[in-house]
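Asks: Contents of input.pdb (PDB, C-alpha atoms) are given next:
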ATOM      1  CA  MET A1259      94.817  82.307  13.824  1.00  0.00           C
ATOM      2  CA  MET A1260      94.615  79.527  16.341  1.00  0.00           C
ATOM      3  CA  LYS A1261      92.210  81.579  18.542  1.00  0.00           C
ATOM      4  CA  LEU A1262      89.891  82.194  15.641  1.00  0.00           C
ATOM      5  CA  TYR A1263      89.721  78.522  14.835  1.00  0.00           C
ATOM      6  CA  LEU A1264      89.006  77.656  18.403  1.00  0.00           C
ATOM      7  CA  LEU A1265      86.288  80.266  18.523  1.00  0.00           C
ATOM      8  CA  SER A1266      84.798  78.980  15.331  1.00  0.00           C
ATOM      9  CA  SER A1267      84.890  75.494  16.583  1.00  0.00           C
ATOM     10  CA  THR A1268      83.254  76.479  19.837  1.00  0.00           C
ATOM     11  CA  VAL A1269      80.449  78.367  18.101  1.00  0.00           C
ATOM     12  CA  GLY A1270      79.872  75.504  15.733  1.00  0.00           C
ATOM     13  CA  PHE A1271      79.670  73.101  18.621  1.00  0.00           C
ATOM     14  CA  TRP A1272      77.008  75.142  20.377  1.00  0.00           C
ATOM     15  CA  VAL A1273      75.072  75.502  17.169  1.00  0.00           C
ATOM     16  CA  LEU A1274      75.226  71.800  16.638  1.00  0.00           C
ATOM     17  CA  SER A1275      74.260  71.296  20.233  1.00  0.00           C
ATOM     18  CA  LEU A1276      71.209  73.485  19.827  1.00  0.00           C
ATOM     19  CA  LEU A1277      70.201  71.854  16.598  1.00  0.00           C
ATOM     20  CA  ALA A1278      70.820  68.303  17.619  1.00  0.00           C
ATOM     21  CA  PRO A1279      67.787  67.826  20.002  1.00  0.00           C
ATOM     22  CA  LEU A1280      65.390  68.892  17.267  1.00  0.00           C
ATOM     23  CA  GLY A1281      66.283  66.131  14.921  1.00  0.00           C
ATOM     24  CA  HIS A1282      67.399  63.637  17.523  1.00  0.00           C
ATOM     25  CA  SER A1283      64.089  63.792  19.510  1.00  0.00           C
ATOM     26  CA  GLN A1284      62.187  62.232  16.591  1.00  0.00           C
ATOM     27  CA  ASP A1285      64.709  59.581  15.810  1.00  0.00           C
ATOM     28  CA  LEU A1286      65.410  58.508  19.360  1.00  0.00           C
ATOM     29  CA  GLN A1287      61.710  57.685  20.585  1.00  0.00           C
ATOM     30  CA  GLY A1288      61.846  54.742  22.952  1.00  0.00           C
ATOM     31  CA  PRO A1289      59.962  51.394  22.397  1.00  0.00           C
ATOM     32  CA  LYS A1290      56.277  50.977  23.570  1.00  0.00           C
ATOM     33  CA  GLY A1291      56.164  49.861  27.142  1.00  0.00           C
ATOM     34  CA  GLU A1292      54.282  46.762  28.386  1.00  0.00           C
ATOM     35  CA  ARG A1293      50.588  47.050  29.378  1.00  0.00           C
ATOM     36  CA  GLY A1294      50.176  47.967  33.023  1.00  0.00           C
ATOM     37  CA  PHE A1295      48.107  46.115  35.610  1.00  0.00           C
ATOM     38  CA  PRO A1296      44.334  46.866  35.758  1.00  0.00           C
ATOM     39  CA  GLY A1297      43.354  49.511  38.244  1.00  0.00           C
ATOM     40  CA  MET A1298      41.066  48.942  41.248  1.00  0.00           C
ATOM     41  CA  PRO A1299      37.267  48.595  40.480  1.00  0.00           C
ATOM     42  CA  GLY A1300      35.438  51.850  40.798  1.00  0.00           C
ATOM     43  CA  ALA A1301      32.481  52.415  43.128  1.00  0.00           C
ATOM     44  CA  PRO A1302      29.052  51.137  41.799  1.00  0.00           C
ATOM     45  CA  GLY A1303      27.132  53.754  39.920  1.00  0.00           C
ATOM     46  CA  ALA A1304      23.608  54.898  40.873  1.00  0.00           C
ATOM     47  CA  PRO A1305      20.719  52.587  39.678  1.00  0.00           C
ATOM     48  CA  GLY A1306      19.367  53.521  36.324  1.00  0.00           C
ATOM     49  CA  ARG A1307      15.704  54.371  35.678  1.00  0.00           C
ATOM     50  CA  PRO A1308      13.364  51.362  35.139  1.00  0.00           C
ATOM     51  CA  GLY A1309      12.900  50.468  31.547  1.00  0.00           C
ATOM     52  CA  TYR A1310       9.563  50.379  29.734  1.00  0.00           C
ATOM     53  CA  PRO A1311       7.609  47.053  29.876  1.00  0.00           C
ATOM     54  CA  GLY A1312       8.424  44.769  27.051  1.00  0.00           C
ATOM     55  CA  LEU A1313       5.882  43.482  24.537  1.00  0.00           C
ATOM     56  CA  PRO A1314       3.984  40.250  25.424  1.00  0.00           C
ATOM     57  CA  GLY A1315       5.792  37.170  24.326  1.00  0.00           C
ATOM     58  CA  MET A1316       4.368  34.636  21.917  1.00  0.00           C
ATOM     59  CA  ASP A1317       2.097  31.848  23.216  1.00  0.00           C
ATOM     60  CA  GLY A1318       4.023  28.817  24.289  1.00  0.00           C
ATOM     61  CA  GLN A1319       3.420  25.305  23.036  1.00  0.00           C
ATOM     62  CA  PRO A1320       0.659  23.231  24.770  1.00  0.00           C
ATOM     63  CA  GLY A1321       1.985  21.402  27.796  1.00  0.00           C
ATOM     64  CA  MET A1322       1.959  17.692  28.396  1.00  0.00           C
ATOM     65  CA  VAL A1323      -1.291  16.042  29.488  1.00  0.00           C
ATOM     66  CA  GLY A1324      -1.404  15.880  33.291  1.00  0.00           C
ATOM     67  CA  PRO A1325      -2.049  12.724  35.312  1.00  0.00           C
ATOM     68  CA  PRO A1326      -5.684  11.639  35.921  1.00  0.00           C
ATOM     69  CA  GLY A1327      -7.415  13.403  38.806  1.00  0.00           C
ATOM     70  CA  ALA A1328      -8.807  11.716  41.889  1.00  0.00           C
ATOM     71  CA  PRO A1329     -12.257  10.110  41.534  1.00  0.00           C
ATOM     72  CA  GLY A1330     -15.103  12.571  42.185  1.00  0.00           C
ATOM     73  CA  ALA A1331     -17.780  12.180  44.803  1.00  0.00           C
ATOM     74  CA  ARG A1332     -20.525   9.775  43.950  1.00  0.00           C
ATOM     75  CA  GLY A1333     -23.572  11.490  42.480  1.00  0.00           C
ATOM     76  CA  VAL A1334     -27.113  10.957  43.641  1.00  0.00           C
ATOM     77  CA  SER A1335     -29.260   9.149  41.123  1.00  0.00           C
ATOM     78  CA  VAL A1336     -32.888   9.988  40.485  1.00  0.00           C
ATOM     79  CA  ASN A1337     -33.962   6.765  42.157  1.00  0.00           C
ATOM     80  CA  GLU A1338     -31.902   7.505  45.267  1.00  0.00           C
ATOM     81  CA  ASP A1339     -33.406  10.981  45.456  1.00  0.00           C
ATOM     82  CA  SER A1340     -36.902   9.519  45.228  1.00  0.00           C
ATOM     83  CA  ASP A1341     -36.058   6.968  47.904  1.00  0.00           C
ATOM     84  CA  LEU A1342     -34.841   9.768  50.161  1.00  0.00           C
ATOM     85  CA  GLU A1343     -38.087  11.692  49.741  1.00  0.00           C
ATOM     86  CA  ALA A1344     -40.084   8.548  50.471  1.00  0.00           C
ATOM     87  CA  LEU A1345     -38.035   7.964  53.618  1.00  0.00           C
ATOM     88  CA  LYS A1346     -38.620  11.531  54.799  1.00  0.00           C
ATOM     89  CA  GLU A1347     -42.348  11.148  54.209  1.00  0.00           C
ATOM     90  CA  ARG A1348     -42.402   7.900  56.138  1.00  0.00           C
ATOM     91  CA  ILE A1349     -40.547   9.459  59.084  1.00  0.00           C
ATOM     92  CA  ALA A1350     -42.981  12.387  59.094  1.00  0.00           C
ATOM     93  CA  LYS A1351     -45.916   9.968  59.226  1.00  0.00           C
ATOM     94  CA  LEU A1352     -44.367   8.042  62.096  1.00  0.00           C
ATOM     95  CA  GLU A1353     -43.774  11.244  64.044  1.00  0.00           C
ATOM     96  CA  LEU A1354     -47.392  12.265  63.481  1.00  0.00           C
ATOM     97  CA  ALA A1355     -48.746   8.854  64.437  1.00  0.00           C
ATOM     98  CA  ALA A1356     -46.761   8.876  67.687  1.00  0.00           C
ATOM     99  CA  ASN A1357     -49.036  11.654  68.978  1.00  0.00           C
ATOM    100  CA  TYR A1358     -52.110   9.414  69.056  1.00  0.00           C
ATOM    101  CA  GLU A1359     -53.282   6.752  71.468  1.00  0.00           C
ATOM    102  CA  PHE A1360     -54.547   4.426  68.758  1.00  0.00           C
ATOM    103  CA  VAL A1361     -52.393   3.744  65.698  1.00  0.00           C
ATOM    104  CA  ARG A1362     -52.837   1.105  63.018  1.00  0.00           C
ATOM    105  CA  LYS A1363     -51.135   0.752  59.645  1.00  0.00           C
ATOM    106  CA  ALA A1364     -52.581  -0.870  56.552  1.00  0.00           C
ATOM    107  CA  GLY A1365     -50.445  -0.717  53.415  1.00  0.00           C
ATOM    108  CA  ASN A1366     -49.248   2.890  53.089  1.00  0.00           C
ATOM    109  CA  LYS A1367     -52.095   4.289  55.180  1.00  0.00           C
ATOM    110  CA  TYR A1368     -52.156   5.065  58.897  1.00  0.00           C
ATOM    111  CA  PHE A1369     -55.304   5.179  61.070  1.00  0.00           C
ATOM    112  CA  VAL A1370     -55.023   7.206  64.276  1.00  0.00           C
ATOM    113  CA  SER A1371     -57.348   8.218  67.122  1.00  0.00           C
ATOM    114  CA  TYR A1372     -57.477   9.669  70.613  1.00  0.00           C
ATOM    115  CA  LYS A1373     -60.358   7.243  71.300  1.00  0.00           C
ATOM    116  CA  GLU A1374     -62.802  10.097  71.543  1.00  0.00           C
ATOM    117  CA  ARG A1375     -66.469   9.802  70.602  1.00  0.00           C
ATOM    118  CA  ASP A1376     -68.664  12.520  69.150  1.00  0.00           C
ATOM    119  CA  SER A1377     -71.106  13.394  66.356  1.00  0.00           C
ATOM    120  CA  PHE A1378     -70.407  12.890  62.637  1.00  0.00           C
ATOM    121  CA  THR A1379     -69.937  16.635  62.000  1.00  0.00           C
ATOM    122  CA  THR A1380     -67.503  16.947  64.901  1.00  0.00           C
ATOM    123  CA  ALA A1381     -65.587  13.911  63.659  1.00  0.00           C
ATOM    124  CA  VAL A1382     -65.123  15.423  60.187  1.00  0.00           C
ATOM    125  CA  GLN A1383     -64.008  18.757  61.629  1.00  0.00           C
ATOM    126  CA  PHE A1384     -61.664  17.130  64.162  1.00  0.00           C
ATOM    127  CA  CYS A1385     -59.684  15.347  61.448  1.00  0.00           C
ATOM    128  CA  ARG A1386     -59.757  18.284  59.022  1.00  0.00           C
ATOM    129  CA  GLN A1387     -58.340  20.693  61.598  1.00  0.00           C
ATOM    130  CA  ARG A1388     -55.303  18.405  61.925  1.00  0.00           C
ATOM    131  CA  GLY A1389     -54.751  18.161  58.186  1.00  0.00           C
ATOM    132  CA  LEU A1390     -56.138  14.616  58.136  1.00  0.00           C
ATOM    133  CA  GLY A1391     -59.226  12.942  56.743  1.00  0.00           C
ATOM    134  CA  LEU A1392     -61.954  10.972  58.461  1.00  0.00           C
ATOM    135  CA  ALA A1393     -61.202   7.261  58.099  1.00  0.00           C
ATOM    136  CA  LEU A1394     -62.549   5.549  54.977  1.00  0.00           C
ATOM    137  CA  PRO A1395     -61.579   1.924  54.308  1.00  0.00           C
ATOM    138  CA  GLN A1396     -60.587   1.318  50.693  1.00  0.00           C
ATOM    139  CA  SER A1397     -59.850  -2.377  50.963  1.00  0.00           C
ATOM    140  CA  GLU A1398     -60.831  -5.407  53.024  1.00  0.00           C
ATOM    141  CA  GLU A1399     -57.544  -5.129  54.899  1.00  0.00           C
ATOM    142  CA  GLU A1400     -58.221  -1.519  55.919  1.00  0.00           C
ATOM    143  CA  ASN A1401     -61.791  -2.359  56.899  1.00  0.00           C
ATOM    144  CA  THR A1402     -60.586  -5.165  59.171  1.00  0.00           C
ATOM    145  CA  VAL A1403     -57.884  -2.971  60.723  1.00  0.00           C
ATOM    146  CA  LEU A1404     -60.500  -0.417  61.787  1.00  0.00           C
ATOM    147  CA  THR A1405     -62.537  -3.056  63.650  1.00  0.00           C
ATOM    148  CA  GLN A1406     -59.483  -3.652  65.856  1.00  0.00           C
ATOM    149  CA  PHE A1407     -60.185  -0.282  67.400  1.00  0.00           C
ATOM    150  CA  PHE A1408     -63.385  -1.200  69.155  1.00  0.00           C
ATOM    151  CA  GLY A1409     -63.460  -1.993  72.858  1.00  0.00           C
ATOM    152  CA  LEU A1410     -65.998  -3.873  74.913  1.00  0.00           C
ATOM    153  CA  ALA A1411     -68.569  -1.124  75.346  1.00  0.00           C
ATOM    154  CA  TYR A1412     -68.650   0.968  72.163  1.00  0.00           C
ATOM    155  CA  LYS A1413     -68.437  -0.675  68.769  1.00  0.00           C
ATOM    156  CA  THR A1414     -69.136   1.937  66.090  1.00  0.00           C
ATOM    157  CA  ALA A1415     -67.003   4.532  64.305  1.00  0.00           C
ATOM    158  CA  TRP A1416     -67.855   7.189  61.753  1.00  0.00           C
ATOM    159  CA  ILE A1417     -66.436   6.736  58.240  1.00  0.00           C
ATOM    160  CA  ASN A1418     -65.965   9.294  55.493  1.00  0.00           C
ATOM    161  CA  VAL A1419     -68.976   8.584  53.244  1.00  0.00           C
ATOM    162  CA  ASN A1420     -70.802  11.654  51.915  1.00  0.00           C
ATOM    163  CA  ASN A1421     -73.725  12.389  54.221  1.00  0.00           C
ATOM    164  CA  LYS A1422     -75.887  13.987  51.529  1.00  0.00           C
ATOM    165  CA  LYS A1423     -78.015  11.511  49.611  1.00  0.00           C
ATOM    166  CA  ALA A1424     -78.365  13.954  46.740  1.00  0.00           C
ATOM    167  CA  SER A1425     -74.558  14.038  46.327  1.00  0.00           C
ATOM    168  CA  GLY A1426     -74.335  10.427  45.179  1.00  0.00           C
ATOM    169  CA  ASN A1427     -76.788   8.273  47.110  1.00  0.00           C
ATOM    170  CA  PHE A1428     -74.090   7.472  49.707  1.00  0.00           C
ATOM    171  CA  GLN A1429     -71.735   6.158  47.030  1.00  0.00           C
ATOM    172  CA  THR A1430     -69.173   9.015  47.219  1.00  0.00           C
ATOM    173  CA  ASP A1431     -66.849  10.348  49.899  1.00  0.00           C
ATOM    174  CA  MET A1432     -66.971  13.817  51.455  1.00  0.00           C
ATOM    175  CA  LYS A1433     -65.055  15.187  48.429  1.00  0.00           C
ATOM    176  CA  ASN A1434     -67.628  13.673  46.048  1.00  0.00           C
ATOM    177  CA  GLN A1435     -65.154  11.071  44.793  1.00  0.00           C
ATOM    178  CA  PRO A1436     -66.712   7.683  43.963  1.00  0.00           C
ATOM    179  CA  LEU A1437     -66.119   4.983  46.573  1.00  0.00           C
ATOM    180  CA  THR A1438     -63.684   2.305  45.396  1.00  0.00           C
ATOM    181  CA  PHE A1439     -64.606  -0.119  48.175  1.00  0.00           C
ATOM    182  CA  THR A1440     -67.809  -0.695  50.153  1.00  0.00           C
ATOM    183  CA  LYS A1441     -69.042  -3.216  52.645  1.00  0.00           C
ATOM    184  CA  TRP A1442     -72.649  -2.385  53.230  1.00  0.00           C
ATOM    185  CA  GLU A1443     -74.735  -4.232  55.738  1.00  0.00           C
ATOM    186  CA  GLU A1444     -77.645  -6.090  54.145  1.00  0.00           C
ATOM    187  CA  GLY A1445     -80.342  -3.612  53.133  1.00  0.00           C
ATOM    188  CA  GLN A1446     -77.923  -0.718  53.131  1.00  0.00           C
ATOM    189  CA  PRO A1447     -77.615   2.055  52.261  1.00  0.00           C
ATOM    190  CA  ASP A1448     -81.065   2.765  53.599  1.00  0.00           C
ATOM    191  CA  GLY A1449     -83.232   3.886  50.702  1.00  0.00           C
ATOM    192  CA  SER A1450     -85.769   5.449  53.020  1.00  0.00           C
ATOM    193  CA  ILE A1451     -83.394   8.226  53.968  1.00  0.00           C
ATOM    194  CA  GLN A1452     -84.360  11.236  51.886  1.00  0.00           C
ATOM    195  CA  ASP A1453     -81.775  13.863  52.769  1.00  0.00           C
ATOM    196  CA  THR A1454     -78.972  13.460  55.291  1.00  0.00           C
ATOM    197  CA  GLY A1455     -77.500  10.209  56.488  1.00  0.00           C
ATOM    198  CA  CYS A1456     -74.167   9.444  58.176  1.00  0.00           C
ATOM    199  CA  THR A1457     -72.303   6.161  57.756  1.00  0.00           C
ATOM    200  CA  MET A1458     -70.990   4.022  60.611  1.00  0.00           C
ATOM    201  CA  LEU A1459     -68.672   1.045  60.712  1.00  0.00           C
ATOM    202  CA  SER A1460     -69.737  -1.657  63.172  1.00  0.00           C
ATOM    203  CA  ASP A1461     -67.667  -4.242  64.995  1.00  0.00           C
ATOM    204  CA  ALA A1462     -68.924  -6.804  62.474  1.00  0.00           C
ATOM    205  CA  GLY A1463     -67.029  -4.882  59.813  1.00  0.00           C
ATOM    206  CA  VAL A1464     -70.144  -3.780  57.910  1.00  0.00           C
ATOM    207  CA  TRP A1465     -71.429  -0.303  57.057  1.00  0.00           C
ATOM    208  CA  HIS A1466     -74.841   1.229  57.633  1.00  0.00           C
ATOM    209  CA  VAL A1467     -76.354   4.685  57.199  1.00  0.00           C
ATOM    210  CA  THR A1468     -78.255   6.443  59.959  1.00  0.00           C
ATOM    211  CA  GLU A1469     -80.193   9.685  60.060  1.00  0.00           C
ATOM    212  CA  GLU A1470     -79.032  10.135  63.651  1.00  0.00           C
ATOM    213  CA  CYS A1471     -75.780  11.918  62.824  1.00  0.00           C
ATOM    214  CA  PHE A1472     -75.748  13.383  66.321  1.00  0.00           C
ATOM    215  CA  LEU A1473     -74.920  10.025  67.894  1.00  0.00           C
ATOM    216  CA  ASN A1474     -71.548   9.556  69.555  1.00  0.00           C
ATOM    217  CA  ALA A1475     -69.254   7.214  67.656  1.00  0.00           C
ATOM    218  CA  TYR A1476     -65.481   6.881  67.638  1.00  0.00           C
ATOM    219  CA  ILE A1477     -63.480   9.431  65.698  1.00  0.00           C
ATOM    220  CA  ILE A1478     -60.725   7.772  63.646  1.00  0.00           C
ATOM    221  CA  CYS A1479     -58.612   9.826  61.230  1.00  0.00           C
ATOM    222  CA  GLU A1480     -56.377   8.646  58.382  1.00  0.00           C
ATOM    223  CA  PHE A1481     -53.314   9.854  56.504  1.00  0.00           C
TER     224      PHE A1481
END
Would you write out, as structure tokens, the structure that this file holds?

Replies:
Amino acid sequence: MMKLYLLSSTVGFWVLSLLAPLGHSQDLQGPKGERGFPGMPGAPGAPGRPGYPGLPGMDGQPGMVGPPGAPGARGVSVNEDSDLEALKERIAKLELAANYEFVRKAGNKYFVSYKERDSFTTAVQFCRQRGLGLALPQSEEENTVLTQFFGLAYKTAWINVNNKKASGNFQTDMKNQPLTFTKWEEGQPDGSIQDTGCTMLSDAGVWHVTEECFLNAYIICEF
């Protein structure tokens, strides 16, 4: 009887032992542990693909007005420009006049000569070929200046009065423009001349017409 009890007790113990973990494992779960320390940083990943461009942003507000700029260069006025052109023209005239042996200035006009003497036709051509005109006094001052040219031996010079009587009765220049100043010798211009007559200036400062246009007289040009 005692053996059977012991056997029953033993079997019951093992049964209880086998059954106990099933129920006890749910009831005996331990408390949640504390959070562990962070792990080491991982290696950097590969760069991602570039993103698409974003849309343009909205216009910003106008900025503040900037400080005044430095003064600009001084402009050239119309008068200054005209003065410059006048100066250039004057320099050009001086350079041209420097090429001649005889130079006189009266107002804005220059009279120049190589002190050569020849016929009236040659005198006109000589000046024209140099872009000049044969001298023609247009005031008492200019007339007097031309008489300063004469030396001791020769005292006449051709002047630019039209040599064709029919073109104005010796009252026009070689371009048929009316003369604005004359200083004819008494009895001049010679009314007896019917066709061609050439005008000379004498050392007395008076003009006279001669049919002898082949005579040698000083060639004086003007510009």

Asks: Report the distance between atom CA of Ala1355 of chain A and atom CA of Asn1474 of chain A in Å, rounded to one decimal place.

Replies: 23.4 Å

Asks: So which one's closest to Lys1373 of chain A, A:Val1361, A:Val1419, A:Leu1459, A:Ala1356? Using all atoms listed in the file, please.

Replies: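 Answer, going by the shortest atom-to-atom distance: A:Val1361.
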
Asks: Output the residue selection produced by the PyMOL selection byres ((chain A and resi 1385) around 10) on the file above, formatted as JSON, numbers by chain.

Replies: {"A": [1370, 1371, 1380, 1381, 1382, 1383, 1384, 1386, 1387, 1388, 1389, 1390, 1391, 1392, 1393, 1477, 1478, 1479, 1480, 1481]}

Asks: Only C-alpha atoms, please: the residues just picked out, written as a JSON list (two decimals), in the coordinates of the input.

Replies:
[["chain", "number", "residue", "atom", "x", "y", "z"],
["A", 1370, "VAL", "CA", -55.02, 7.21, 64.28],
["A", 1371, "SER", "CA", -57.35, 8.22, 67.12],
["A", 1380, "THR", "CA", -67.50, 16.95, 64.90],
["A", 1381, "ALA", "CA", -65.59, 13.91, 63.66],
["A", 1382, "VAL", "CA", -65.12, 15.42, 60.19],
["A", 1383, "GLN", "CA", -64.01, 18.76, 61.63],
["A", 1384, "PHE", "CA", -61.66, 17.13, 64.16],
["A", 1386, "ARG", "CA", -59.76, 18.28, 59.02],
["A", 1387, "GLN", "CA", -58.34, 20.69, 61.60],
["A", 1388, "ARG", "CA", -55.30, 18.40, 61.92],
["A", 1389, "GLY", "CA", -54.75, 18.16, 58.19],
["A", 1390, "LEU", "CA", -56.14, 14.62, 58.14],
["A", 1391, "GLY", "CA", -59.23, 12.94, 56.74],
["A", 1392, "LEU", "CA", -61.95, 10.97, 58.46],
["A", 1393, "ALA", "CA", -61.20, 7.26, 58.10],
["A", 1477, "ILE", "CA", -63.48, 9.43, 65.70],
["A", 1478, "ILE", "CA", -60.72, 7.77, 63.65],
["A", 1479, "CYS", "CA", -58.61, 9.83, 61.23],
["A", 1480, "GLU", "CA", -56.38, 8.65, 58.38],
["A", 1481, "PHE", "CA", -53.31, 9.85, 56.50]]

Asks: Just to confirm, what's the straight-line distance from atom CA of Thr1468 of chain A to atom CA of Tyr1368 of chain A in Å (one decimal)?

Replies: 26.2 Å

Asks: Might you pull out every residue within 10 Å of Thr1438 of chain A, with all atoms listed in the file counted and same-chain residues fewer than 3 positions away left off, and present them as a list in words?

Replies: Pro1395, Gln1396, Ser1397, Gln1429, Thr1430, Asp1431 and Gln1435 of chain A

Asks: Name the residues that the PyMOL selection byres ((chain A and resi 1428) around 12) picks from the file above, as a ChimeraX atom specification, using the file's chain letters and numbers.

Replies: /A:1417-1427,1429-1437,1440,1442,1446-1449,1451-1458,1465-1468

Asks: What's the separation between atom CA of Leu1345 of chain A and atom CA of Phe1360 of chain A, in Å to one decimal place?

Replies: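 If I compute the distance from atom CA of Leu1345 of chain A to atom CA of Phe1360 of chain A, I get 22.7 Å.
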
Asks: Which one is closest to Leu1410 of chain A: A:Asp1376, A:Asp1461, A:Glu1443, A:Glu1398? Count only C-alpha atoms.

Replies: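 Counting only C-alpha atoms, the residue closest to Leu1410 of chain A is A:Asp1461.
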
Asks: For Arg1362 of chain A, which residue out of A:Thr1402, A:Leu1473, A:Gly1297, A:Lys1441 is the nearest one, using all atoms listed in the file?

Replies: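 Once distances to Arg1362 of chain A are computed over all atoms listed in the file, the minimum belongs to A:Thr1402.
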
Asks: Apply the PyMOL selection byres ((chain A and resi 1414) around 7) to the displayed file and report the matching residues as a tab-separated table (two decimals) with C-alpha atoms, in the frame of the given file.

Replies:
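File written: out-v7.tsv
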chain	number	residue	atom	x	y	z
A	1412	TYR	CA	-68.65	0.97	72.16
A	1413	LYS	CA	-68.44	-0.68	68.77
A	1415	ALA	CA	-67.00	4.53	64.31
A	1416	TRP	CA	-67.86	7.19	61.75
A	1458	MET	CA	-70.99	4.02	60.61
A	1459	LEU	CA	-68.67	1.04	60.71
A	1460	SER	CA	-69.74	-1.66	63.17
A	1461	ASP	CA	-67.67	-4.24	65.00
A	1475	ALA	CA	-69.25	7.21	67.66
A	1476	TYR	CA	-65.48	6.88	67.64

Asks: So that I can see what lies close to Glu1347 of chain A, please list as number ranges by chain the residues with an atom at most 12 Å from it, counting only C-alpha atoms and leaving out residues fewer than 5 positions away in the same chain.

Replies: A: 1340-1342, 1352-1354, 1366-1367, 1481
